[in-house]
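The structure under discussion appears below in the form of structure tokens.
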Amino acid sequence: MPQQITCLWFDGQAEEAAQLYTSIFPNSSIGRITRFGPGMPPPMAEGSVQSVDFSLDGRPYTALNGGPMFQFTEAISIQVVCADQEETDRYYDRLVDGGEESMCGWLKDRFGVSWQVFPEELDRLLTDPDPGRALRATQAMLQMRRIDIEEMRRAADAVPA
């Protein structure tokens, strides 16, 4: 299969976003930075950043300064599946700083990019072979902004009245 690279469209913040993301995730780096040449229409000024290639823990991304015509939506998000609650909280806090919380572990970072940050145990709780446990875990999750896996465990294990 050919290499797949996620390209994120920004309005002038591509380099700032790449710097933030590579500071959050381990084993990450910024690669090639390309700049606009002469004769480009505003706001694509000569010498300003056109694109930034970067990797997050070895996964390639490109940040493109394409202008204001396209905005991020929740229809596309990046999932961060964490080992435990501590790791979940660490990534969630860094990514939501300057952004906004949503529901069920979703957030928008300061650039408007949507992320889903949750512990890997979430999937096991939501797909528990006992449909009652799965339902109670799901109902608990639907009340949360940041995922609280301990609260979801308690809900899943609760004895129905």
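Each chain in the structure tokens gets a letter, A, B, ..., in the order shown, and its residues are numbered from 1; ligands are numbered from 1 in order too.
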Find the residues around Ile33 (chain A) up to 10 Å (only C-alpha atoms counted), leave out those fewer than 6 positions away in its own chain, and share them as a PyMOL selection string. chain A and resi 14-15+49-54+62-64
For region 67-83 of chain A, please output as a list in words all residues within 6 Å (counting only C-alpha atoms; exclusion window: fewer than 3 positions along the same chain).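 Neighbouring residues, sequence-local ones excluded: Asp11, Glu87, Thr88, Gly112, Val113, Ser114, Trp115, Gln116, Val117, Phe118, Pro119 and Glu120 of chain A.
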- Using only C-alpha atoms, pick whichever of A:Arg136, A:Arg35, A:Arg94, A:Arg59 has the shortest atom-to-atom distance to Lys108 (chain A).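 Counting only C-alpha atoms, the residue closest to Lys108 (chain A) is A:Arg94.
Proximity ranking of A:Met40, A:Leu126, A:Cys7, A:Leu95 relative to Thr138 (chain A) places A:Leu126 first, based on only C-alpha atoms.
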Just give me the gap between CA of Ala45 (chain A) and CA of Leu8 (chain A) in Å, one decimal is fine.
->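 Going from CA of Ala45 (chain A) over to CA of Leu8 (chain A), I get 19.6 Å.
Of the listed residues (A:Met44, A:Ile149, A:Leu125, A:Met144), A:Met144 comes nearest to Trp106 (chain A); the distances count only C-alpha atoms.
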Min atom-atom distance to Asp84 (chain A) from the set A:Leu56, A:Ala134, A:Ala155, A:Ile147, counting only C-alpha atoms, belongs to A:Ile147
Can you list, as JSON, numbers by chain, every protein, DNA or RNA residue that comes within 9 Å of Met141 (chain A) when you count only C-alpha atoms, leaving out same-chain residues fewer than 5 positions away?
{"A": [103, 104, 105, 122, 136, 146, 147, 148, 149, 151, 152]}
**OP:** Any chance you could list, as an NGL selection string, the residues in chain A that come up strand (DSSP E) when DSSP is run on the backbone?
**Re:** :A and (6-10 or 29-35 or 49-56 or 59-65 or 77-82 or 100-101 or 106-108 or 114-119)
- [ ] Would you return as a ChimeraX atom specification the members of chain A that DSSP assigns to helix (DSSP H, G or I) on this structure's backbone?
- [x] /A:14-24,85-96,121-126,131-141,149-157
Go ahead and write the residues just picked, N, CA and C atoms, as a compact mmCIF listing (two decimals), in the first residue's frame.
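out.txt, written as the output of this step:
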# COMPACT_ATOMS: atom_id res chain seq x y z
N ALA A 14 0.39 26.87 10.39
CA ALA A 14 0.93 25.52 10.16
C ALA A 14 2.18 25.26 10.99
N GLU A 15 3.11 26.17 10.99
CA GLU A 15 4.36 25.95 11.72
C GLU A 15 4.12 25.93 13.22
N GLU A 16 3.29 26.84 13.71
CA GLU A 16 2.96 26.88 15.14
C GLU A 16 2.28 25.58 15.58
N ALA A 17 1.36 25.09 14.76
CA ALA A 17 0.66 23.84 15.09
C ALA A 17 1.65 22.67 15.11
N ALA A 18 2.50 22.58 14.11
CA ALA A 18 3.48 21.48 14.06
C ALA A 18 4.40 21.54 15.28
N GLN A 19 4.80 22.74 15.68
CA GLN A 19 5.65 22.87 16.87
C GLN A 19 4.92 22.40 18.13
N LEU A 20 3.65 22.77 18.25
CA LEU A 20 2.88 22.34 19.42
C LEU A 20 2.75 20.82 19.42
N TYR A 21 2.30 20.24 18.33
CA TYR A 21 2.05 18.80 18.29
C TYR A 21 3.33 18.00 18.55
N THR A 22 4.44 18.43 17.96
CA THR A 22 5.69 17.69 18.17
C THR A 22 6.23 17.87 19.59
N SER A 23 5.80 18.92 20.29
CA SER A 23 6.21 19.09 21.69
C SER A 23 5.39 18.21 22.62
N ILE A 24 4.23 17.78 22.19
CA ILE A 24 3.33 16.99 23.02
C ILE A 24 3.63 15.49 22.91
N GLN A 85 -5.48 6.26 32.60
CA GLN A 85 -6.07 7.57 32.89
C GLN A 85 -5.02 8.66 32.99
N GLU A 86 -3.91 8.34 33.61
CA GLU A 86 -2.85 9.36 33.76
C GLU A 86 -2.37 9.85 32.40
N GLU A 87 -2.11 8.93 31.49
CA GLU A 87 -1.66 9.31 30.15
C GLU A 87 -2.77 10.07 29.41
N THR A 88 -4.00 9.61 29.57
CA THR A 88 -5.14 10.29 28.96
C THR A 88 -5.20 11.74 29.43
N ASP A 89 -5.12 11.94 30.72
CA ASP A 89 -5.20 13.29 31.27
C ASP A 89 -4.04 14.17 30.77
N ARG A 90 -2.86 13.60 30.68
CA ARG A 90 -1.69 14.38 30.23
C ARG A 90 -1.89 14.88 28.80
N TYR A 91 -2.28 14.00 27.89
CA TYR A 91 -2.49 14.41 26.50
C TYR A 91 -3.70 15.33 26.37
N TYR A 92 -4.76 15.00 27.06
CA TYR A 92 -5.97 15.82 27.01
C TYR A 92 -5.65 17.25 27.44
N ASP A 93 -4.97 17.40 28.57
CA ASP A 93 -4.66 18.72 29.09
C ASP A 93 -3.81 19.53 28.11
N ARG A 94 -2.82 18.90 27.52
CA ARG A 94 -1.94 19.62 26.59
C ARG A 94 -2.68 20.02 25.32
N LEU A 95 -3.52 19.12 24.82
CA LEU A 95 -4.22 19.41 23.56
C LEU A 95 -5.36 20.42 23.74
N VAL A 96 -6.06 20.38 24.85
CA VAL A 96 -7.21 21.28 25.05
C VAL A 96 -6.77 22.68 25.48
N GLU A 121 -8.85 1.15 27.58
CA GLU A 121 -9.89 0.38 28.26
C GLU A 121 -11.30 0.82 27.86
N LEU A 122 -11.45 2.02 27.37
CA LEU A 122 -12.76 2.51 26.95
C LEU A 122 -13.42 1.54 25.97
N ASP A 123 -12.70 1.12 24.98
CA ASP A 123 -13.27 0.21 23.98
C ASP A 123 -13.73 -1.10 24.60
N ARG A 124 -12.94 -1.63 25.54
CA ARG A 124 -13.34 -2.88 26.20
C ARG A 124 -14.63 -2.72 27.00
N LEU A 125 -14.78 -1.57 27.66
CA LEU A 125 -16.01 -1.34 28.43
C LEU A 125 -17.22 -1.18 27.51
N LEU A 126 -17.04 -0.45 26.41
CA LEU A 126 -18.17 -0.20 25.51
C LEU A 126 -18.59 -1.43 24.72
N PRO A 131 -24.26 -7.15 27.70
CA PRO A 131 -24.86 -5.93 27.16
C PRO A 131 -25.26 -4.91 28.22
N GLY A 132 -25.62 -5.37 29.41
CA GLY A 132 -25.96 -4.45 30.49
C GLY A 132 -24.77 -3.63 30.93
N ARG A 133 -23.62 -4.30 31.08
CA ARG A 133 -22.40 -3.57 31.46
C ARG A 133 -22.03 -2.56 30.38
N ALA A 134 -22.09 -3.00 29.12
CA ALA A 134 -21.75 -2.10 28.01
C ALA A 134 -22.67 -0.89 27.98
N LEU A 135 -23.96 -1.12 28.19
CA LEU A 135 -24.93 -0.04 28.18
C LEU A 135 -24.66 0.94 29.32
N ARG A 136 -24.42 0.44 30.52
CA ARG A 136 -24.16 1.32 31.66
C ARG A 136 -22.87 2.12 31.45
N ALA A 137 -21.85 1.49 30.89
CA ALA A 137 -20.60 2.21 30.59
C ALA A 137 -20.84 3.30 29.54
N THR A 138 -21.61 2.96 28.52
CA THR A 138 -21.91 3.93 27.46
C THR A 138 -22.71 5.10 28.02
N GLN A 139 -23.71 4.81 28.84
CA GLN A 139 -24.51 5.89 29.44
C GLN A 139 -23.64 6.81 30.30
N ALA A 140 -22.71 6.25 31.03
CA ALA A 140 -21.80 7.06 31.84
C ALA A 140 -20.92 7.93 30.94
N MET A 141 -20.38 7.33 29.87
CA MET A 141 -19.51 8.08 28.96
C MET A 141 -20.25 9.25 28.33
N ILE A 149 -12.19 6.89 33.29
CA ILE A 149 -12.34 5.44 33.14
C ILE A 149 -12.79 4.78 34.44
N GLU A 150 -12.39 5.31 35.59
CA GLU A 150 -12.82 4.74 36.87
C GLU A 150 -14.32 4.91 37.05
N GLU A 151 -14.84 6.08 36.71
CA GLU A 151 -16.28 6.31 36.78
C GLU A 151 -17.03 5.38 35.81
N MET A 152 -16.45 5.14 34.65
CA MET A 152 -17.09 4.23 33.70
C MET A 152 -17.09 2.79 34.24
N ARG A 153 -16.00 2.40 34.91
CA ARG A 153 -15.97 1.06 35.53
C ARG A 153 -17.05 0.92 36.58
N ARG A 154 -17.15 1.97 37.44
CA ARG A 154 -18.17 1.93 38.49
C ARG A 154 -19.58 1.81 37.88
N ALA A 155 -19.83 2.58 36.84
CA ALA A 155 -21.14 2.53 36.19
C ALA A 155 -21.39 1.15 35.58
N ALA A 156 -20.38 0.60 34.91
CA ALA A 156 -20.53 -0.72 34.28
C ALA A 156 -20.82 -1.79 35.33
N ASP A 157 -20.18 -1.68 36.50
CA ASP A 157 -20.31 -2.70 37.54
C ASP A 157 -21.52 -2.48 38.44
Restricting to only C-alpha atoms, whichever of A:Pro41, A:Ser48, A:Ser29, A:Ser102 is closest to Gln13 (chain A) is A:Ser48
Computed gap from CA of Thr34 (chain A) to CA of Trp9 (chain A) is 14.4 Å
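Straight-line separation from CA of Ser28 (chain A) to CA of Gln3 (chain A): 17.8 Å.
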